[in-house]
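K.L.:
This is query_24.txt (compact mmCIF, C-alpha atoms).
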```
# COMPACT_ATOMS: atom_id res chain seq x y z
CA MET H 11 -49.10 -28.43 68.73
CA LYS H 12 -52.47 -28.86 70.34
CA THR H 13 -52.02 -25.70 72.49
CA LEU H 14 -51.23 -23.65 69.45
CA ASN H 15 -53.16 -20.37 69.60
CA ARG H 16 -54.46 -18.49 66.63
CA ARG H 17 -51.59 -16.03 66.49
CA ASP H 18 -48.87 -18.69 66.75
CA PHE H 19 -50.68 -20.68 64.12
CA GLY H 20 -50.39 -17.69 61.82
CA VAL H 21 -46.66 -17.49 62.51
CA ALA H 22 -46.29 -21.21 61.92
CA VAL H 23 -48.05 -20.95 58.60
CA ALA H 24 -45.89 -18.02 57.59
CA ALA H 25 -42.78 -19.98 58.54
CA ALA H 26 -44.00 -23.01 56.63
CA ILE H 27 -44.50 -20.89 53.57
CA LEU H 28 -41.17 -19.13 53.91
CA LEU H 29 -39.15 -22.20 54.81
CA PRO H 30 -39.05 -23.89 51.42
CA ALA H 31 -37.98 -20.62 49.81
CA THR H 32 -35.21 -20.04 52.34
CA THR H 33 -33.96 -23.62 52.53
CA ALA H 34 -33.80 -23.82 48.76
CA ARG H 35 -30.77 -21.56 49.06
CA ALA H 36 -27.20 -22.65 48.73
CA ASP H 37 -27.09 -24.30 52.14
CA ASP H 38 -29.15 -27.24 50.97
CA MET H 39 -26.66 -30.01 50.48
CA GLU H 40 -26.63 -33.12 48.38
CA VAL H 41 -24.98 -36.46 48.81
CA HIS H 42 -24.92 -38.90 45.92
CA ILE H 43 -24.53 -42.62 46.14
CA ASP H 44 -22.42 -43.85 43.26
CA ASN H 45 -20.59 -47.15 43.09
CA PHE H 46 -21.43 -48.01 46.70
CA VAL H 47 -19.88 -44.78 47.96
CA PHE H 48 -21.44 -41.75 49.67
CA GLN H 49 -20.11 -38.66 47.92
CA PRO H 50 -18.95 -36.54 49.55
CA ALA H 51 -18.19 -38.95 52.35
CA GLU H 52 -17.95 -36.08 54.84
CA LEU H 53 -19.95 -32.90 54.81
CA THR H 54 -19.82 -29.91 57.18
CA ILE H 55 -23.05 -27.94 57.39
CA LYS H 56 -24.81 -25.33 59.51
CA VAL H 57 -27.70 -26.13 61.86
CA GLY H 58 -30.95 -26.07 59.93
CA THR H 59 -29.46 -27.38 56.70
CA THR H 60 -31.35 -30.03 54.78
CA VAL H 61 -29.27 -32.78 53.25
CA SER H 62 -30.59 -35.03 50.50
CA TRP H 63 -29.16 -38.39 49.51
CA THR H 64 -29.82 -39.74 46.01
CA ASN H 65 -29.09 -43.33 45.07
CA ARG H 66 -27.63 -43.50 41.59
CA ASP H 67 -26.66 -47.20 41.77
CA ASP H 68 -28.50 -50.16 40.23
CA ILE H 69 -28.67 -51.66 43.71
CA PRO H 70 -30.81 -50.39 46.60
CA HIS H 71 -29.18 -48.66 49.53
CA THR H 72 -30.24 -47.08 52.82
CA VAL H 73 -29.01 -44.14 54.87
CA VAL H 74 -28.97 -44.88 58.59
CA SER H 75 -27.57 -42.95 61.54
CA ALA H 76 -28.19 -45.01 64.66
CA GLY H 77 -30.86 -43.37 66.79
CA LYS H 78 -30.92 -40.25 64.57
CA PHE H 79 -32.39 -41.01 61.19
CA ARG H 80 -33.17 -43.95 58.95
CA SER H 81 -34.26 -43.83 55.33
CA LYS H 82 -36.52 -46.33 53.68
CA THR H 83 -34.87 -48.55 51.12
CA LEU H 84 -33.77 -46.29 48.28
CA ASP H 85 -34.07 -47.91 44.88
CA THR H 86 -32.33 -46.39 41.88
CA ASP H 87 -32.86 -42.59 41.76
CA ASP H 88 -34.81 -42.54 45.03
CA LYS H 89 -34.03 -39.70 47.38
CA PHE H 90 -34.00 -39.27 51.17
CA THR H 91 -33.84 -35.90 52.89
CA PHE H 92 -33.16 -34.94 56.49
CA THR H 93 -32.96 -31.53 58.14
CA PHE H 94 -30.31 -31.22 60.84
CA THR H 95 -31.62 -29.12 63.72
CA ASN H 96 -28.90 -29.91 66.25
CA ALA H 97 -25.15 -29.49 66.11
CA GLY H 98 -22.99 -32.57 66.33
CA ASP H 99 -21.28 -35.30 64.35
CA TYR H 100 -23.65 -37.68 62.60
CA LYS H 101 -21.98 -40.88 61.44
CA TYR H 102 -24.16 -42.83 59.09
CA PHE H 103 -23.99 -45.96 56.93
CA CYS H 104 -25.94 -48.16 54.53
CA SER H 105 -27.61 -50.91 56.54
CA LEU H 106 -27.47 -53.24 53.52
CA HIS H 107 -23.81 -52.61 52.72
CA PRO H 108 -22.36 -51.49 56.04
CA HIS H 109 -18.91 -50.90 54.59
CA MET H 110 -20.52 -47.77 53.07
CA THR H 111 -20.13 -45.02 55.66
CA GLY H 112 -20.39 -41.25 55.76
CA MET H 113 -20.38 -38.35 58.17
CA ILE H 114 -22.32 -35.11 58.49
CA LYS H 115 -20.73 -32.52 60.79
CA VAL H 116 -23.32 -29.98 61.92
CA GLU H 117 -21.95 -26.73 63.35
CA MET C 10 -11.80 -60.38 61.69
CA SER C 11 -11.86 -64.10 61.21
CA GLY C 12 -8.72 -66.10 60.82
CA HIS C 13 -9.85 -67.31 57.43
CA ASP C 14 -8.43 -64.74 55.12
CA HIS C 15 -7.11 -65.70 51.75
CA GLY C 16 -3.78 -67.39 52.14
CA GLU C 17 -1.13 -67.70 49.51
CA ASP C 18 -1.48 -71.45 49.70
CA GLY C 19 -4.48 -73.35 48.40
CA VAL C 20 -6.06 -71.92 45.31
CA SER C 21 -3.74 -69.50 43.54
CA ARG C 22 -4.96 -66.05 42.61
CA ARG C 23 -4.98 -66.98 38.94
CA LYS C 24 -7.09 -70.04 39.64
CA VAL C 25 -9.48 -67.99 41.72
CA LEU C 26 -9.85 -65.48 38.94
CA GLU C 27 -10.45 -68.25 36.43
CA CYS C 28 -13.20 -69.63 38.63
CA MET C 29 -14.74 -66.24 38.91
CA THR C 30 -15.12 -65.76 35.19
CA TRP C 31 -18.11 -68.07 35.01
CA ALA C 32 -21.63 -67.32 35.98
CA GLY C 33 -24.19 -70.03 36.16
CA THR C 34 -27.43 -71.38 37.30
CA GLY C 35 -26.95 -73.65 40.23
CA VAL C 36 -24.46 -75.89 41.85
CA LEU C 37 -25.12 -79.54 42.18
CA TRP C 38 -23.83 -81.22 45.28
CA THR C 39 -23.64 -84.88 45.95
CA ILE C 40 -22.72 -86.63 49.12
CA THR C 41 -20.85 -89.83 48.84
CA GLY C 42 -19.53 -91.47 51.93
CA GLY C 43 -20.51 -88.40 53.92
CA VAL C 44 -18.29 -86.00 52.00
CA PRO C 45 -20.09 -83.42 49.88
CA ARG C 46 -18.67 -83.01 46.40
CA SER C 47 -19.68 -80.30 44.03
CA LEU C 48 -20.36 -81.82 40.67
CA GLY C 49 -20.56 -78.52 38.90
CA ILE C 50 -23.17 -76.44 37.32
CA ILE C 51 -26.27 -78.35 36.36
CA ASP C 52 -25.67 -79.52 32.78
CA SER C 53 -22.18 -80.87 33.25
CA ALA C 54 -23.40 -82.28 36.49
CA GLN C 55 -26.04 -84.40 34.86
CA ALA C 56 -23.71 -87.11 33.66
CA ALA C 57 -21.99 -87.21 36.99
CA THR C 58 -25.28 -87.43 38.83
CA ALA C 59 -26.25 -90.56 37.01
CA ALA C 60 -23.00 -92.19 38.07
CA ALA C 61 -22.73 -90.78 41.57
CA PRO C 62 -24.41 -92.71 44.33
CA GLY C 63 -25.49 -91.09 47.56
CA MET C 64 -27.50 -88.01 48.26
CA THR C 65 -27.62 -85.14 45.85
CA PHE C 66 -28.79 -81.64 46.55
CA LEU C 67 -28.81 -78.36 44.69
CA GLN C 68 -27.80 -74.87 45.62
CA ILE C 69 -29.24 -71.84 43.90
CA SER C 70 -28.70 -68.30 45.01
CA ASP C 71 -29.31 -64.63 44.41
CA SER C 72 -32.31 -64.89 42.11
CA HIS C 73 -33.08 -61.17 42.71
CA VAL C 74 -36.59 -61.50 41.34
CA GLY C 75 -37.72 -57.99 40.41
CA PHE C 76 -34.31 -56.90 39.17
CA ASP C 77 -34.75 -55.31 35.72
CA LYS C 78 -31.65 -53.18 35.23
CA PRO C 79 -29.31 -53.39 32.20
CA ALA C 80 -27.19 -56.21 33.67
CA ASN C 81 -30.25 -58.44 33.21
CA PRO C 82 -33.65 -56.93 32.39
CA ASN C 83 -35.37 -60.22 33.12
CA ALA C 84 -34.07 -61.86 36.27
CA LEU C 85 -37.28 -63.84 36.62
CA GLY C 86 -36.67 -65.29 33.17
CA THR C 87 -33.17 -66.51 33.96
CA LEU C 88 -34.43 -68.00 37.22
CA GLU C 89 -36.97 -69.92 35.18
CA GLU C 90 -34.23 -71.11 32.82
CA ALA C 91 -32.28 -72.38 35.81
CA ILE C 92 -35.32 -74.21 37.16
CA ASN C 93 -35.99 -75.71 33.72
CA LYS C 94 -32.46 -77.07 33.68
CA ILE C 95 -32.97 -78.57 37.10
CA ASN C 96 -36.19 -80.17 35.91
CA ALA C 97 -34.38 -81.65 32.92
CA MET C 98 -31.87 -83.45 35.10
CA PRO C 99 -32.13 -87.22 34.73
CA ALA C 100 -31.65 -87.85 38.45
CA LYS C 101 -33.85 -85.86 40.75
CA PRO C 102 -31.95 -84.17 43.59
CA SER C 103 -33.20 -84.77 47.12
CA PHE C 104 -33.79 -81.09 47.80
CA MET C 105 -32.52 -77.61 47.12
CA ILE C 106 -31.06 -74.85 49.24
CA HIS C 107 -31.45 -71.21 48.30
CA THR C 108 -28.78 -68.99 49.80
CA GLY C 109 -30.71 -65.75 49.77
CA ASP C 110 -31.61 -62.64 47.83
CA ILE C 111 -34.65 -64.43 46.51
CA THR C 112 -36.09 -61.03 45.65
CA HIS C 113 -34.54 -57.71 44.75
CA LEU C 114 -36.72 -55.38 46.84
CA SER C 115 -38.74 -57.69 49.13
CA LYS C 116 -42.00 -56.85 47.40
CA ALA C 117 -44.84 -59.30 47.94
CA ALA C 118 -45.21 -59.76 44.18
CA GLU C 119 -41.50 -60.56 43.88
CA PHE C 120 -41.76 -63.25 46.54
CA ASP C 121 -44.87 -64.61 44.84
CA ASN C 122 -43.16 -64.72 41.43
CA ALA C 123 -40.07 -66.36 42.87
CA ASP C 124 -42.17 -69.01 44.54
CA ARG C 125 -44.22 -69.60 41.42
CA ILE C 126 -41.06 -70.37 39.43
CA ILE C 127 -39.01 -72.19 42.08
CA SER C 128 -41.94 -74.42 43.04
CA GLN C 129 -41.91 -75.77 39.48
CA SER C 130 -38.86 -77.78 40.55
CA LYS C 131 -41.16 -79.73 42.89
CA LEU C 132 -38.25 -79.94 45.30
CA ASP C 133 -38.18 -79.09 48.97
CA VAL C 134 -36.32 -75.82 49.24
CA HIS C 135 -34.47 -74.71 52.34
CA TYR C 136 -34.00 -70.96 52.35
CA VAL C 137 -31.84 -68.49 54.16
CA PRO C 138 -32.46 -64.78 53.65
CA GLY C 139 -30.25 -62.26 51.91
CA GLU C 140 -30.27 -58.57 52.74
CA HIS C 141 -32.59 -58.01 49.78
CA ASP C 142 -35.25 -60.21 51.42
CA PHE C 143 -35.70 -57.99 54.49
CA LEU C 144 -36.45 -54.66 52.80
CA ASP C 145 -40.21 -54.44 53.29
CA GLU C 146 -41.37 -51.90 55.85
CA GLU C 147 -42.51 -54.45 58.41
CA VAL C 148 -39.86 -57.03 57.56
CA LYS C 149 -42.53 -59.70 57.45
CA PHE C 150 -42.80 -61.09 53.92
CA TYR C 151 -39.77 -63.38 54.16
CA ARG C 152 -40.67 -64.55 57.65
CA GLU C 153 -44.28 -65.25 56.72
CA ARG C 154 -43.18 -67.38 53.80
CA TYR C 155 -40.00 -69.05 55.00
CA GLY C 156 -39.65 -68.36 58.70
CA ARG C 157 -41.84 -71.12 60.07
CA GLY C 158 -39.99 -73.36 62.47
CA THR C 159 -36.91 -71.18 62.46
CA LYS C 160 -35.24 -69.29 65.28
CA GLY C 161 -34.42 -65.60 65.54
CA ALA C 162 -34.22 -63.93 62.15
CA GLY C 163 -34.60 -67.31 60.44
CA TRP C 164 -31.84 -69.72 61.39
CA TYR C 165 -32.40 -73.48 61.73
CA SER C 166 -30.86 -76.87 61.22
CA PHE C 167 -31.99 -80.18 59.77
CA ASP C 168 -30.57 -83.57 58.96
CA ALA C 169 -30.60 -85.26 55.59
CA GLY C 170 -28.66 -88.20 54.24
CA GLY C 171 -26.58 -88.43 57.39
CA VAL C 172 -25.46 -84.83 57.01
CA HIS C 173 -26.25 -82.05 59.46
CA PHE C 174 -27.33 -78.89 57.62
CA ILE C 175 -27.32 -75.52 59.35
CA GLY C 176 -28.92 -72.45 57.76
CA LEU C 177 -27.57 -69.22 59.23
CA VAL C 178 -28.64 -65.58 58.88
CA ASN C 179 -25.87 -63.00 58.57
CA VAL C 180 -27.77 -60.12 56.99
CA VAL C 181 -29.48 -58.45 59.95
CA ASP C 182 -28.36 -55.94 62.53
CA LEU C 183 -25.31 -54.95 60.49
CA LYS C 184 -23.01 -52.36 62.04
CA GLY C 185 -21.66 -49.32 60.25
CA GLY C 186 -18.22 -50.01 58.83
CA GLY C 187 -18.64 -53.73 59.41
CA LEU C 188 -19.37 -56.90 57.45
CA GLY C 189 -22.06 -59.56 57.66
CA ASN C 190 -23.14 -60.37 61.18
CA LEU C 191 -24.39 -63.48 62.98
CA GLY C 192 -24.71 -62.03 66.47
CA ALA C 193 -24.35 -63.48 69.95
CA GLU C 194 -27.80 -65.09 70.08
CA GLN C 195 -27.32 -67.03 66.88
CA LEU C 196 -23.78 -68.09 67.80
CA ALA C 197 -25.02 -69.38 71.16
CA TRP C 198 -27.72 -71.32 69.34
CA LEU C 199 -25.16 -72.74 66.91
CA GLU C 200 -22.89 -73.89 69.69
CA ASP C 201 -25.85 -75.56 71.36
CA ASP C 202 -27.07 -77.08 68.10
CA LEU C 203 -23.72 -78.79 67.54
CA ARG C 204 -23.33 -79.95 71.12
CA GLY C 205 -23.41 -83.70 71.40
CA LYS C 206 -23.10 -84.25 67.65
CA SER C 207 -20.60 -86.87 66.68
CA LYS C 208 -17.49 -85.30 65.19
CA SER C 209 -17.79 -87.70 62.30
CA THR C 210 -21.09 -86.12 61.26
CA PRO C 211 -20.56 -84.14 58.06
CA VAL C 212 -21.70 -80.57 58.56
CA VAL C 213 -22.95 -78.15 55.91
CA LEU C 214 -23.23 -74.50 56.94
CA PHE C 215 -25.08 -72.24 54.56
CA ALA C 216 -25.72 -68.52 54.74
CA HIS C 217 -26.08 -65.65 52.31
CA ILE C 218 -22.92 -63.55 52.82
CA PRO C 219 -19.69 -65.55 52.77
CA LEU C 220 -18.79 -66.69 56.29
CA TRP C 221 -15.15 -66.29 55.33
CA THR C 222 -13.45 -63.05 54.44
CA VAL C 223 -13.49 -62.81 50.66
CA TYR C 224 -12.99 -59.06 50.18
CA PRO C 225 -13.73 -56.79 53.12
CA GLU C 226 -13.36 -53.64 50.99
CA TRP C 227 -16.68 -54.64 49.41
CA GLY C 228 -18.15 -56.04 52.59
CA TRP C 229 -17.69 -59.61 51.39
CA GLY C 230 -17.25 -61.40 54.65
CA THR C 231 -18.87 -61.95 58.04
CA GLU C 232 -17.63 -60.05 61.07
CA ASP C 233 -18.09 -62.94 63.49
CA GLY C 234 -17.94 -65.77 60.92
CA GLY C 235 -14.74 -66.99 62.53
CA ARG C 236 -16.68 -67.72 65.72
CA ALA C 237 -19.07 -69.98 63.85
CA LEU C 238 -16.16 -71.76 62.20
CA GLU C 239 -14.57 -72.39 65.59
CA TYR C 240 -17.63 -74.37 66.64
CA VAL C 241 -17.30 -76.71 63.66
CA LYS C 242 -13.52 -76.99 63.86
CA GLY C 243 -13.46 -80.46 65.34
CA PHE C 244 -15.76 -81.97 62.73
CA GLY C 245 -14.20 -84.17 60.08
CA SER C 246 -16.06 -82.70 57.14
CA VAL C 247 -17.35 -79.16 57.00
CA THR C 248 -18.74 -77.47 53.90
CA VAL C 249 -19.64 -73.80 53.90
CA LEU C 250 -21.99 -72.67 51.12
CA ASN C 251 -22.70 -69.01 50.47
CA GLY C 252 -24.01 -66.64 47.81
CA HIS C 253 -24.07 -62.83 47.77
CA ILE C 254 -21.03 -62.26 45.55
CA HIS C 255 -22.58 -63.67 42.34
CA GLN C 256 -19.54 -65.66 41.31
CA VAL C 257 -17.88 -68.91 42.15
CA MET C 258 -15.12 -68.75 44.66
CA GLN C 259 -13.76 -71.48 46.79
CA LYS C 260 -11.03 -72.51 49.09
CA VAL C 261 -10.18 -75.43 51.30
CA GLU C 262 -8.76 -75.00 54.76
CA GLY C 263 -8.07 -78.19 56.60
CA ASN C 264 -11.38 -80.02 56.81
CA VAL C 265 -13.39 -76.99 55.78
CA THR C 266 -14.38 -76.32 52.20
CA PHE C 267 -15.72 -72.86 51.36
CA HIS C 268 -17.73 -72.27 48.23
CA THR C 269 -19.84 -69.45 46.85
CA ALA C 270 -22.48 -70.01 44.19
CA ARG C 271 -23.35 -67.96 41.16
CA SER C 272 -26.45 -65.84 40.90
CA THR C 273 -29.29 -66.73 38.58
CA ALA C 274 -29.80 -63.00 37.96
CA PHE C 275 -26.60 -61.14 37.11
CA PRO C 276 -22.85 -61.44 37.55
CA GLN C 277 -20.79 -59.24 39.81
CA PRO C 278 -17.16 -58.28 39.22
CA ALA C 279 -14.22 -60.10 40.69
CA PRO C 280 -12.90 -58.39 43.83
CA GLY C 281 -11.20 -55.11 43.08
CA THR C 282 -11.67 -55.34 39.30
CA ALA C 283 -14.39 -52.66 39.16
CA PRO C 284 -15.18 -49.44 41.03
CA SER C 285 -17.91 -51.24 42.98
CA PRO C 286 -19.47 -54.65 43.51
CA GLY C 287 -22.60 -53.58 41.61
CA PRO C 288 -24.26 -55.62 38.83
CA MET C 289 -21.84 -56.27 35.98
CA LYS C 290 -23.20 -55.56 32.52
CA VAL C 291 -21.89 -57.97 29.92
CA GLU C 292 -22.97 -58.43 26.31
CA ASP C 293 -26.30 -60.21 26.01
CA ALA C 294 -24.67 -63.15 24.28
CA LYS C 295 -22.07 -63.36 26.99
CA LEU C 296 -24.61 -63.39 29.80
CA ARG C 297 -25.99 -66.64 28.42
CA SER C 298 -22.53 -68.05 27.93
CA MET C 299 -21.84 -67.17 31.55
CA LEU C 300 -24.75 -69.36 32.51
CA GLY C 301 -22.19 -72.01 31.89
CA VAL C 302 -21.31 -75.21 33.54
CA ALA C 303 -18.57 -76.05 35.93
CA SER C 304 -17.70 -79.10 37.87
CA ILE C 305 -15.95 -78.73 41.14
CA ASN C 306 -14.65 -81.87 42.68
CA PHE C 307 -13.00 -82.10 45.99
CA LYS C 308 -12.17 -84.86 48.36
CA GLN C 309 -11.20 -84.95 51.94
CA ASN C 310 -7.52 -84.36 52.64
CA GLU C 311 -6.89 -82.82 49.25
CA GLN C 312 -5.73 -79.27 49.39
CA ARG C 313 -6.21 -78.46 45.73
CA LEU C 314 -9.58 -78.35 44.08
CA ALA C 315 -10.12 -79.91 40.67
CA ILE C 316 -12.14 -77.43 38.68
CA ILE C 317 -13.44 -77.96 35.18
CA ASP C 318 -15.62 -75.31 33.63
CA THR C 319 -17.44 -75.63 30.37
CA PRO C 320 -19.63 -72.83 29.04
CA ILE C 321 -22.91 -73.76 27.40
CA GLN C 322 -22.05 -71.51 24.47
CA GLY C 323 -18.71 -70.48 23.06
```
Represent the structure of the file as structure tokens.
P.N.:
Amino acid sequence: MKTLNRRDFGVAVAAAILLPATTARADDMEVHIDNFVFQPAELTIKVGTTVSWTNRDDIPHTVVSAGKFRSKTLDTDDKFTFTFTNAGDYKYFCSLHPHMTGMIKVE
Amino acid sequence: MSGHDHGEDGVSRRKVLECMTWAGTGVLWTITGGVPRSLGIIDSAQAATAAAPGMTFLQISDSHVGFDKPANPNALGTLEEAINKINAMPAKPSFMIHTGDITHLSKAAEFDNADRIISQSKLDVHYVPGEHDFLDEEVKFYRERYGRGTKGAGWYSFDAGGVHFIGLVNVVDLKGGGLGNLGAEQLAWLEDDLRGKSKSTPVVLFAHIPLWTVYPEWGWGTEDGGRALEYVKGFGSVTVLNGHIHQVMQKVEGNVTFHTARSTAFPQPAPGTAPSPGPMKVEDAKLRSMLGVASINFKQNEQRLAIIDTPIQG
């Protein structure tokens, strides 16, 4: 970013302003954690989609995809979001309760 | 998976479920002639303590300090009640082990509060961590407080009363889809730690997550727990003490006795009886009655456990 010229900066700002409006569309996806289960357990999305995970249990959980993303500990009602910029299959799990697993397929 | 799944022999399913209906405060262990015997949950244990010679130690577990959800809005309070009961015991135990989940969210204040209450017992406490004790960003609070003199993520051994105690850590580096995990480094250490020990030395293994497979659907087991159990196979008396599942469960396999302790914070459902292993909300009055008493007696070469449970109320 340090070589950013004035014009590109303007574009970046415009994109930053537009982005929340555009990503707030229907392709934002949500995963809920209820009863130690990621729901839905598998999600197919398009590149650029932001997925949010919300913990609705009385017990903390995490969302971890090895080498890809790692949430902080999510206490009750805490949320973690991640924007998928590359296609691929992203297996993830809760590092506290590793029997909890999920998958995001990015096309 | 380990070769220590529930068999049809030993404790019947009904018996197991009966055991699991209590919740309590701590388990009192005594060692007579080198064989640990559980004398039950604190109050009922008191009479037995007076009569039982040999070394006595306590196990408490899963205090979850900081937990304030409906299943128990005051987990610190129930921990204090447990400690008060320990303090009221006529015979002072030699020491205490805590099998993890000291705190709920690994906050410094939670560790401080836990220590403030537990230290009122004036007992030496040997800790192993639960997964709830490694949640701080830098994963340092547990280690700063309890990690001194330990190896790796916090494993260690010590001798007391002629018994070799081994505290293991099975809550780090967990793999997606898997169970609790000891890891190659810790297993190598364990094998080395036991090398040269006389097979007549009683061994107590303690760790947070059960080292045996209780219910893999809820992650209640340790992926490589069977490896650890192989190393202690030749020993005449092996006792495996765990927490994590917030209910009493036990089985005996040959010379190995497996036992899980109750939580001081909140009960969890029996395997498969609820949609998830999350905190189980019971009526307020029942929570106290679940802080009941139980005596668990077992002797070498006896397959069946003698279990007597007596609630404090009702």
K.L.:
Select, as a PyMOL selection string, those residues of chain C with any atom no more than 12 Å from chain H (distances computed using all atoms listed in the file).
P.N.:
chain C and resi 73+75-82+110+112-116+139-148+179-190+218+224-232+253+275+277+283-290
K.L.:
Could you work out an axis-aligned bounding box for all listed atoms of region 96-104 of chain H, with 4 Å added on each of the six sides, and give its centre and edge lengths in Å to one decimal, as JSON?
P.N.:
```
{"center_x": -25.1, "center_y": -38.8, "center_z": 60.4, "size_x": 15.6, "size_y": 26.7, "size_z": 19.8}
```
K.L.:
If you count all atoms listed in the file, which residues fall within 7 Å of region 168-175 of chain C, apart from same-chain ones fewer than 4 positions away, as a list in words?
P.N.:
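What passes the distance filter is Gly43, Met64, Thr210, Pro211, Val212, Val213, Leu214 and Phe215 of chain C.
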K.L.:
Considering only C-alpha atoms, return as a tab-separated table (two decimals) with C-alpha atoms, keeping the file's coordinate frame whatever protein or nucleic-acid residues lie within 7 Å of Thr59 (chain H), sequence-local ones (same chain, fewer than 6 positions apart) excluded.
P.N.:
```tsv
chain	number	residue	atom	x	y	z
H	37	ASP	CA	-27.09	-24.30	52.14
H	38	ASP	CA	-29.15	-27.24	50.97
H	93	THR	CA	-32.96	-31.53	58.14
H	94	PHE	CA	-30.31	-31.22	60.84
```
K.L.:
Just how far from CA of Trp63 (chain H) is CA of Ile43 (chain H), in Å to one decimal?
P.N.:
7.1 Å
K.L.:
Could you check how far CA of Lys206 (chain C) sits from CA of Arg152 (chain C), in Å to one decimal?
P.N.:
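Calculated distance between CA of Lys206 (chain C) and CA of Arg152 (chain C) is 28.2 Å.
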K.L.:
Would you mind reading off the distance between CA of Glu239 (chain C) and CA of Ala193 (chain C), one decimal, in Å?
P.N.:
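Pair CA of Glu239 (chain C) / CA of Ala193 (chain C) returns 13.9 Å.
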